[in-house]
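Pasted below: run.pdb, PDB, C-alpha atoms and all ligand atoms.
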```pdb
MODEL        1
ATOM      1  CA  MET C   1       0.000   0.000   0.000  1.00  0.00           C
ATOM      2  CA  ASP C   2       1.277   3.418  -1.041  1.00  0.00           C
ATOM      3  CA  LEU C   3       1.758   5.642   2.009  1.00  0.00           C
ATOM      4  CA  LYS C   4       0.664   8.704   0.031  1.00  0.00           C
ATOM      5  CA  GLN C   5      -2.603   6.911  -0.690  1.00  0.00           C
ATOM      6  CA  ILE C   6      -3.261   6.747   3.054  1.00  0.00           C
ATOM      7  CA  PHE C   7      -3.366  10.548   3.324  1.00  0.00           C
ATOM      8  CA  THR C   8      -5.669  10.774   0.307  1.00  0.00           C
ATOM      9  CA  ASN C   9      -7.914   8.094   1.843  1.00  0.00           C
ATOM     10  CA  ASN C  10      -7.856   9.960   5.144  1.00  0.00           C
ATOM     11  CA  GLN C  11      -9.069  13.184   3.511  1.00  0.00           C
ATOM     12  CA  LYS C  12     -11.928  11.310   1.856  1.00  0.00           C
ATOM     13  CA  TRP C  13     -12.799   9.627   5.173  1.00  0.00           C
ATOM     14  CA  ILE C  14     -12.945  13.011   6.898  1.00  0.00           C
ATOM     15  CA  SER C  15     -15.254  14.516   4.295  1.00  0.00           C
ATOM     16  CA  ASP C  16     -17.475  11.399   4.267  1.00  0.00           C
ATOM     17  CA  LYS C  17     -17.878  11.632   8.050  1.00  0.00           C
ATOM     18  CA  LEU C  18     -18.584  15.355   7.949  1.00  0.00           C
ATOM     19  CA  LYS C  19     -21.098  14.904   5.134  1.00  0.00           C
ATOM     20  CA  THR C  20     -23.330  12.790   7.371  1.00  0.00           C
ATOM     21  CA  ASP C  21     -22.607  14.674  10.600  1.00  0.00           C
ATOM     22  CA  GLU C  22     -21.065  18.131  10.737  1.00  0.00           C
ATOM     23  CA  SER C  23     -20.027  17.775  14.371  1.00  0.00           C
ATOM     24  CA  TYR C  24     -18.670  14.224  14.008  1.00  0.00           C
ATOM     25  CA  PHE C  25     -15.118  14.990  15.129  1.00  0.00           C
ATOM     26  CA  GLU C  26     -16.250  17.507  17.702  1.00  0.00           C
ATOM     27  CA  ASN C  27     -18.297  14.750  19.353  1.00  0.00           C
ATOM     28  CA  LEU C  28     -15.525  12.182  18.917  1.00  0.00           C
ATOM     29  CA  SER C  29     -13.085  14.423  20.754  1.00  0.00           C
ATOM     30  CA  LYS C  30     -15.315  14.590  23.842  1.00  0.00           C
ATOM     31  CA  GLY C  31     -14.204  11.171  25.052  1.00  0.00           C
ATOM     32  CA  GLN C  32     -14.786   7.446  24.734  1.00  0.00           C
ATOM     33  CA  GLU C  33     -17.219   5.079  26.393  1.00  0.00           C
ATOM     34  CA  PRO C  34     -16.607   1.749  24.673  1.00  0.00           C
ATOM     35  CA  GLU C  35     -18.425  -1.217  26.187  1.00  0.00           C
ATOM     36  CA  ILE C  36     -16.199  -3.831  24.588  1.00  0.00           C
ATOM     37  CA  LEU C  37     -12.519  -4.652  24.956  1.00  0.00           C
ATOM     38  CA  TYR C  38     -11.346  -6.627  21.923  1.00  0.00           C
ATOM     39  CA  ILE C  39      -8.077  -8.554  22.142  1.00  0.00           C
ATOM     40  CA  GLY C  40      -7.070  -9.945  18.764  1.00  0.00           C
ATOM     41  CA  CYS C  41      -4.156 -10.910  16.549  1.00  0.00           C
ATOM     42  CA  SER C  42      -1.989  -8.331  14.780  1.00  0.00           C
ATOM     43  CA  ASP C  43      -2.503 -10.251  11.517  1.00  0.00           C
ATOM     44  CA  SER C  44      -3.241  -7.704   8.768  1.00  0.00           C
ATOM     45  CA  ARG C  45      -6.161  -9.806   7.533  1.00  0.00           C
ATOM     46  CA  VAL C  46      -8.019  -9.776  10.845  1.00  0.00           C
ATOM     47  CA  THR C  47      -9.124  -6.187  10.965  1.00  0.00           C
ATOM     48  CA  ALA C  48     -11.022  -5.893  14.264  1.00  0.00           C
ATOM     49  CA  GLU C  49     -13.307  -2.854  13.770  1.00  0.00           C
ATOM     50  CA  ASP C  50     -13.845  -3.434  10.053  1.00  0.00           C
ATOM     51  CA  MET C  51     -14.957  -7.061  10.345  1.00  0.00           C
ATOM     52  CA  MET C  52     -17.188  -6.219  13.330  1.00  0.00           C
ATOM     53  CA  GLY C  53     -18.747  -3.185  11.655  1.00  0.00           C
ATOM     54  CA  ALA C  54     -17.709  -1.173  14.700  1.00  0.00           C
ATOM     55  CA  GLN C  55     -17.523   2.609  14.593  1.00  0.00           C
ATOM     56  CA  PRO C  56     -14.904   4.829  16.276  1.00  0.00           C
ATOM     57  CA  GLY C  57     -15.593   4.977  20.007  1.00  0.00           C
ATOM     58  CA  GLU C  58     -17.313   1.591  20.209  1.00  0.00           C
ATOM     59  CA  VAL C  59     -14.497  -0.882  20.823  1.00  0.00           C
ATOM     60  CA  PHE C  60     -11.271  -0.612  22.822  1.00  0.00           C
ATOM     61  CA  VAL C  61      -8.745  -2.651  20.844  1.00  0.00           C
ATOM     62  CA  HIS C  62      -5.565  -4.483  21.746  1.00  0.00           C
ATOM     63  CA  ARG C  63      -3.719  -6.569  19.178  1.00  0.00           C
ATOM     64  CA  ASN C  64      -0.543  -8.601  19.386  1.00  0.00           C
ATOM     65  CA  ILE C  65       0.897 -11.732  17.804  1.00  0.00           C
ATOM     66  CA  ALA C  66      -1.593 -14.581  18.342  1.00  0.00           C
ATOM     67  CA  ASN C  67      -3.936 -12.605  20.658  1.00  0.00           C
ATOM     68  CA  MET C  68      -2.036 -13.441  23.817  1.00  0.00           C
ATOM     69  CA  VAL C  69      -2.727 -12.327  27.407  1.00  0.00           C
ATOM     70  CA  PRO C  70       0.386 -13.437  29.342  1.00  0.00           C
ATOM     71  CA  ASN C  71       0.211 -12.208  32.920  1.00  0.00           C
ATOM     72  CA  SER C  72       3.795 -10.901  32.723  1.00  0.00           C
ATOM     73  CA  ASP C  73       3.048  -8.782  29.636  1.00  0.00           C
ATOM     74  CA  LEU C  74       2.872  -5.163  30.749  1.00  0.00           C
ATOM     75  CA  SER C  75       1.118  -4.081  27.575  1.00  0.00           C
ATOM     76  CA  SER C  76      -1.905  -6.411  27.671  1.00  0.00           C
ATOM     77  CA  MET C  77      -2.149  -6.118  31.478  1.00  0.00           C
ATOM     78  CA  SER C  78      -2.234  -2.313  31.206  1.00  0.00           C
ATOM     79  CA  VAL C  79      -4.899  -2.499  28.507  1.00  0.00           C
ATOM     80  CA  ILE C  80      -7.066  -4.733  30.694  1.00  0.00           C
ATOM     81  CA  ASN C  81      -6.507  -2.474  33.707  1.00  0.00           C
ATOM     82  CA  PHE C  82      -7.513   0.646  31.816  1.00  0.00           C
ATOM     83  CA  ALA C  83     -10.449  -0.951  29.995  1.00  0.00           C
ATOM     84  CA  VAL C  84     -11.947  -2.588  33.090  1.00  0.00           C
ATOM     85  CA  SER C  85     -11.100  -0.143  35.901  1.00  0.00           C
ATOM     86  CA  HIS C  86     -11.461   3.139  34.030  1.00  0.00           C
ATOM     87  CA  LEU C  87     -13.557   2.591  30.912  1.00  0.00           C
ATOM     88  CA  LYS C  88     -15.742   0.015  32.738  1.00  0.00           C
ATOM     89  CA  VAL C  89     -16.174  -2.189  29.674  1.00  0.00           C
ATOM     90  CA  LYS C  90     -18.951  -4.772  30.011  1.00  0.00           C
ATOM     91  CA  ASN C  91     -17.502  -7.382  27.667  1.00  0.00           C
ATOM     92  CA  ILE C  92     -14.010  -8.620  26.951  1.00  0.00           C
ATOM     93  CA  VAL C  93     -13.516 -10.552  23.737  1.00  0.00           C
ATOM     94  CA  VAL C  94     -10.470 -12.626  22.905  1.00  0.00           C
ATOM     95  CA  CYS C  95     -10.626 -13.297  19.176  1.00  0.00           C
ATOM     96  CA  GLY C  96      -8.232 -15.749  17.557  1.00  0.00           C
ATOM     97  CA  HIS C  97      -8.245 -16.737  13.916  1.00  0.00           C
ATOM     98  CA  TYR C  98      -7.747 -19.949  11.982  1.00  0.00           C
ATOM     99  CA  TYR C  99      -4.433 -20.157  10.132  1.00  0.00           C
ATOM    100  CA  CYS C 100      -2.759 -17.843  12.642  1.00  0.00           C
ATOM    101  CA  GLY C 101       0.938 -17.540  11.810  1.00  0.00           C
ATOM    102  CA  GLY C 102       1.848 -17.166  15.485  1.00  0.00           C
ATOM    103  CA  VAL C 103       0.120 -20.410  16.406  1.00  0.00           C
ATOM    104  CA  LYS C 104       1.674 -22.142  13.394  1.00  0.00           C
ATOM    105  CA  ALA C 105       5.136 -20.922  14.412  1.00  0.00           C
ATOM    106  CA  ALA C 106       4.588 -22.308  17.920  1.00  0.00           C
ATOM    107  CA  MET C 107       3.837 -25.715  16.360  1.00  0.00           C
ATOM    108  CA  THR C 108       7.074 -25.691  14.354  1.00  0.00           C
ATOM    109  CA  LYS C 109      10.619 -26.372  15.441  1.00  0.00           C
ATOM    110  CA  ALA C 110      12.494 -23.174  14.706  1.00  0.00           C
ATOM    111  CA  ASP C 111      14.637 -20.642  16.504  1.00  0.00           C
ATOM    112  CA  LEU C 112      12.764 -17.390  16.109  1.00  0.00           C
ATOM    113  CA  GLY C 113      14.857 -15.204  18.394  1.00  0.00           C
ATOM    114  CA  ILE C 114      12.860 -12.707  20.445  1.00  0.00           C
ATOM    115  CA  LEU C 115       9.667 -14.495  19.369  1.00  0.00           C
ATOM    116  CA  ASN C 116      10.691 -17.644  21.265  1.00  0.00           C
ATOM    117  CA  PRO C 117       9.555 -16.533  24.752  1.00  0.00           C
ATOM    118  CA  TRP C 118       6.350 -15.061  23.289  1.00  0.00           C
ATOM    119  CA  LEU C 119       5.503 -18.238  21.388  1.00  0.00           C
ATOM    120  CA  ARG C 120       6.359 -20.332  24.423  1.00  0.00           C
ATOM    121  CA  ASN C 121       3.067 -19.143  25.880  1.00  0.00           C
ATOM    122  CA  ILE C 122       1.307 -20.955  23.029  1.00  0.00           C
ATOM    123  CA  ARG C 123       3.470 -24.033  23.571  1.00  0.00           C
ATOM    124  CA  ASP C 124       2.287 -23.961  27.193  1.00  0.00           C
ATOM    125  CA  VAL C 125      -1.285 -24.064  25.883  1.00  0.00           C
ATOM    126  CA  TYR C 126      -0.339 -27.116  23.816  1.00  0.00           C
ATOM    127  CA  ARG C 127       1.147 -28.781  26.909  1.00  0.00           C
ATOM    128  CA  LEU C 128      -2.021 -28.095  28.925  1.00  0.00           C
ATOM    129  CA  HIS C 129      -4.105 -29.780  26.220  1.00  0.00           C
ATOM    130  CA  GLN C 130      -1.536 -32.237  24.927  1.00  0.00           C
ATOM    131  CA  GLU C 131      -3.732 -35.301  25.291  1.00  0.00           C
ATOM    132  CA  GLU C 132      -6.531 -33.837  23.186  1.00  0.00           C
ATOM    133  CA  LEU C 133      -4.239 -32.258  20.595  1.00  0.00           C
ATOM    134  CA  ASP C 134      -2.017 -35.332  20.176  1.00  0.00           C
ATOM    135  CA  SER C 135      -5.127 -37.414  19.532  1.00  0.00           C
ATOM    136  CA  ILE C 136      -6.043 -35.299  16.494  1.00  0.00           C
ATOM    137  CA  GLU C 137      -4.359 -36.942  13.502  1.00  0.00           C
ATOM    138  CA  ASP C 138      -5.244 -34.431  10.813  1.00  0.00           C
ATOM    139  CA  GLU C 139      -2.654 -31.621  11.003  1.00  0.00           C
ATOM    140  CA  ASP C 140      -5.080 -28.971   9.786  1.00  0.00           C
ATOM    141  CA  SER C 141      -7.675 -29.898  12.425  1.00  0.00           C
ATOM    142  CA  LYS C 142      -4.974 -29.983  15.120  1.00  0.00           C
ATOM    143  CA  TYR C 143      -3.831 -26.489  14.054  1.00  0.00           C
ATOM    144  CA  LYS C 144      -7.387 -25.134  14.177  1.00  0.00           C
ATOM    145  CA  ARG C 145      -8.041 -26.733  17.556  1.00  0.00           C
ATOM    146  CA  LEU C 146      -4.878 -25.174  19.012  1.00  0.00           C
ATOM    147  CA  VAL C 147      -6.137 -21.776  17.797  1.00  0.00           C
ATOM    148  CA  GLU C 148      -9.395 -22.410  19.701  1.00  0.00           C
ATOM    149  CA  LEU C 149      -7.683 -23.713  22.843  1.00  0.00           C
ATOM    150  CA  ASN C 150      -5.311 -20.751  22.787  1.00  0.00           C
ATOM    151  CA  VAL C 151      -8.333 -18.413  22.765  1.00  0.00           C
ATOM    152  CA  GLN C 152      -9.777 -20.363  25.703  1.00  0.00           C
ATOM    153  CA  GLU C 153      -6.555 -20.138  27.729  1.00  0.00           C
ATOM    154  CA  GLN C 154      -6.123 -16.423  26.992  1.00  0.00           C
ATOM    155  CA  CYS C 155      -9.710 -15.846  28.157  1.00  0.00           C
ATOM    156  CA  LEU C 156      -8.784 -17.641  31.385  1.00  0.00           C
ATOM    157  CA  ASN C 157      -5.785 -15.338  31.703  1.00  0.00           C
ATOM    158  CA  VAL C 158      -8.220 -12.417  31.468  1.00  0.00           C
ATOM    159  CA  ILE C 159     -10.424 -13.996  34.150  1.00  0.00           C
ATOM    160  CA  LYS C 160      -7.402 -14.439  36.448  1.00  0.00           C
ATOM    161  CA  THR C 161      -6.607 -10.713  36.497  1.00  0.00           C
ATOM    162  CA  PRO C 162      -7.593  -8.839  39.679  1.00  0.00           C
ATOM    163  CA  GLU C 163      -9.387  -6.235  37.523  1.00  0.00           C
ATOM    164  CA  TYR C 164     -11.660  -8.883  36.056  1.00  0.00           C
ATOM    165  CA  GLN C 165     -12.137 -10.593  39.421  1.00  0.00           C
ATOM    166  CA  ASN C 166     -13.259  -7.325  41.032  1.00  0.00           C
ATOM    167  CA  ALA C 167     -15.624  -6.432  38.191  1.00  0.00           C
ATOM    168  CA  ALA C 168     -17.059  -9.951  38.185  1.00  0.00           C
ATOM    169  CA  LYS C 169     -17.937  -9.626  41.870  1.00  0.00           C
ATOM    170  CA  GLU C 170     -20.333  -6.864  40.821  1.00  0.00           C
ATOM    171  CA  LYS C 171     -21.505  -9.027  37.904  1.00  0.00           C
ATOM    172  CA  ALA C 172     -20.504  -6.172  35.648  1.00  0.00           C
ATOM    173  CA  ILE C 173     -18.397  -8.071  33.154  1.00  0.00           C
ATOM    174  CA  ALA C 174     -18.260 -11.101  30.874  1.00  0.00           C
ATOM    175  CA  VAL C 175     -15.551 -12.713  28.775  1.00  0.00           C
ATOM    176  CA  HIS C 176     -16.057 -14.269  25.336  1.00  0.00           C
ATOM    177  CA  GLY C 177     -13.867 -16.494  23.189  1.00  0.00           C
ATOM    178  CA  TRP C 178     -14.245 -16.017  19.445  1.00  0.00           C
ATOM    179  CA  VAL C 179     -12.480 -17.260  16.344  1.00  0.00           C
ATOM    180  CA  PHE C 180     -12.412 -15.481  12.997  1.00  0.00           C
ATOM    181  CA  ASP C 181     -12.604 -17.941  10.114  1.00  0.00           C
ATOM    182  CA  ILE C 182     -10.354 -16.396   7.530  1.00  0.00           C
ATOM    183  CA  HIS C 183     -11.717 -18.734   4.807  1.00  0.00           C
ATOM    184  CA  CYS C 184     -15.245 -17.323   4.891  1.00  0.00           C
ATOM    185  CA  GLY C 185     -14.992 -14.139   6.976  1.00  0.00           C
ATOM    186  CA  LYS C 186     -17.241 -15.427   9.720  1.00  0.00           C
ATOM    187  CA  ILE C 187     -16.774 -14.637  13.423  1.00  0.00           C
ATOM    188  CA  ILE C 188     -17.528 -17.772  15.425  1.00  0.00           C
ATOM    189  CA  ASP C 189     -18.461 -17.605  19.119  1.00  0.00           C
ATOM    190  CA  LEU C 190     -16.770 -20.650  20.691  1.00  0.00           C
ATOM    191  CA  GLU C 191     -19.410 -20.507  23.444  1.00  0.00           C
ATOM    192  CA  ILE C 192     -16.880 -21.589  26.060  1.00  0.00           C
ATOM    193  CA  ASP C 193     -18.437 -22.459  29.413  1.00  0.00           C
ATOM    194  CA  PHE C 194     -16.133 -20.370  31.592  1.00  0.00           C
ATOM    195  CA  GLU C 195     -18.227 -20.974  34.684  1.00  0.00           C
ATOM    196  CA  ALA C 196     -17.561 -24.714  34.455  1.00  0.00           C
ATOM    197  CA  ILE C 197     -13.861 -24.236  33.676  1.00  0.00           C
ATOM    198  CA  THR C 198     -13.215 -21.693  36.429  1.00  0.00           C
ATOM    199  CA  LYS C 199     -15.028 -23.923  38.926  1.00  0.00           C
ATOM    200  CA  GLU C 200     -12.352 -26.544  38.273  1.00  0.00           C
ATOM    201  CA  ILE C 201      -9.384 -24.208  38.653  1.00  0.00           C
ATOM    202  CA  MET C 202     -10.601 -21.602  41.164  1.00  0.00           C
ATOM    203  CA  GLY C 203      -8.929 -23.399  44.058  1.00  0.00           C
ATOM    204  CA  ILE C 204      -5.553 -23.295  42.336  1.00  0.00           C
ATOM    205  CA  TYR C 205      -5.700 -19.634  41.309  1.00  0.00           C
ATOM    206  CA  LYS C 206      -7.695 -18.451  44.360  1.00  0.00           C
ATOM    207  CA  LEU C 207     -10.454 -17.139  42.122  1.00  0.00           C
ATOM    208  CA  THR C 208     -13.790 -16.161  43.593  1.00  0.00           C
TER     209      THR C 208
HETATM  210 CO    CO P 301      -2.585 -14.523  13.971  1.00  0.00          CO
ENDMDL
END
```

Kindly present the structure from the file in structure tokens form.
Amino acid sequence: MDLKQIFTNNQKWISDKLKTDESYFENLSKGQEPEILYIGCSDSRVTAEDMMGAQPGEVFVHRNIANMVPNSDLSSMSVINFAVSHLKVKNIVVCGHYYCGGVKAAMTKADLGILNPWLRNIRDVYRLHQEELDSIEDEDSKYKRLVELNVQEQCLNVIKTPEYQNAAKEKAIAVHGWVFDIHCGKIIDLEIDFEAITKEIMGIYKLT
């Protein structure tokens, strides 16, 4: 994409917005009250707002390689803190996508430098679900399942944060695991039963 084109596009975007609402940017500058925190992959094909049809101000977005929420990652932890404690979002979505390069890289033997410790978080997900994943013979199905299980584990990482725990006490928040199917453009709700899963692990993580 030509960088010059971006500035031309931007001008057109501004005039389109102003055509429908003269005070569009004036209102936008007043502040944000998004009700959703979206955590997704940095993959250029998984466009967050565009695929959700979300408008500016509606979704607080965090993207990184393979939509990870490691509890030692200052960036994602800060995003969750701000979104939950200050913006008071009502829903947190972790959205993975099939054919995720990050997940694929974690399934391959390769030295990827600085990416190694990041991808190790996905390898930990594999280890947690090794029995199920090893039993899947078809490589493509195994790959897709790891994408789904990674979403599930990252949702659990969200649940384990004190911000989420506090908000959940007031029943003010919910977490959702989604997968974007890059082959057809569909967003799939994995409908993960977090209540059942957290019941099993709450003793270990001292969750309430
Ligand atoms: Co990806």

Margin query: At a cut-off of 12 Å, using all atoms listed in the file, what residues contact Lys171 (chain C)? Leave out same-chain residues fewer than 6 positions from it and give the result as a PyMOL selection string.
Written below: chain C and resi 88-91+164-165+208

Filtering to C-alpha atoms, could you give me those residues as a PDB file, keeping the file's coordinate frame?
```pdb
ATOM      1  CA  LYS C  88     -15.742   0.015  32.738  1.00  0.00           C
ATOM      2  CA  VAL C  89     -16.174  -2.189  29.674  1.00  0.00           C
ATOM      3  CA  LYS C  90     -18.951  -4.772  30.011  1.00  0.00           C
ATOM      4  CA  ASN C  91     -17.502  -7.382  27.667  1.00  0.00           C
ATOM      5  CA  TYR C 164     -11.660  -8.883  36.056  1.00  0.00           C
ATOM      6  CA  GLN C 165     -12.137 -10.593  39.421  1.00  0.00           C
ATOM      7  CA  THR C 208     -13.790 -16.161  43.593  1.00  0.00           C
TER       8      THR C 208
END
```

Taking the file above as input, evaluate the PyMOL selection byres (((chain C and resi 69-80) around 7) and not hetatm) and report the hits as a ChimeraX atom specification. /C:67-68,81-84,154,157-158

Requested in this report: Tell me which residues the PyMOL selection byres (((not hetatm)) within 6 of (chain P and resi 301)) grabs here, as a list of chain:residue names.
Outcome: C:Cys41, C:Asp43, C:Ile65, C:Ala66, C:Cys100, C:Gly101, C:Gly102

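If only C-alpha atoms are the atoms counted, then among C:Val125, C:Leu18, C:Ile197, C:Leu87 the closest residue to Gly31 (chain C) is C:Leu87.
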
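Put simply, CA of Glu153 (chain C) is 10.1 Å away from CA of His129 (chain C).
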
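In this structure, CA of Ile136 (chain C) sits 24.0 Å away from CA of Val94 (chain C).
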
Among C:Tyr143, C:Phe60, C:Tyr24, C:Trp13, Ile36 (chain C) is approached most closely, using only C-alpha atoms, by C:Phe60
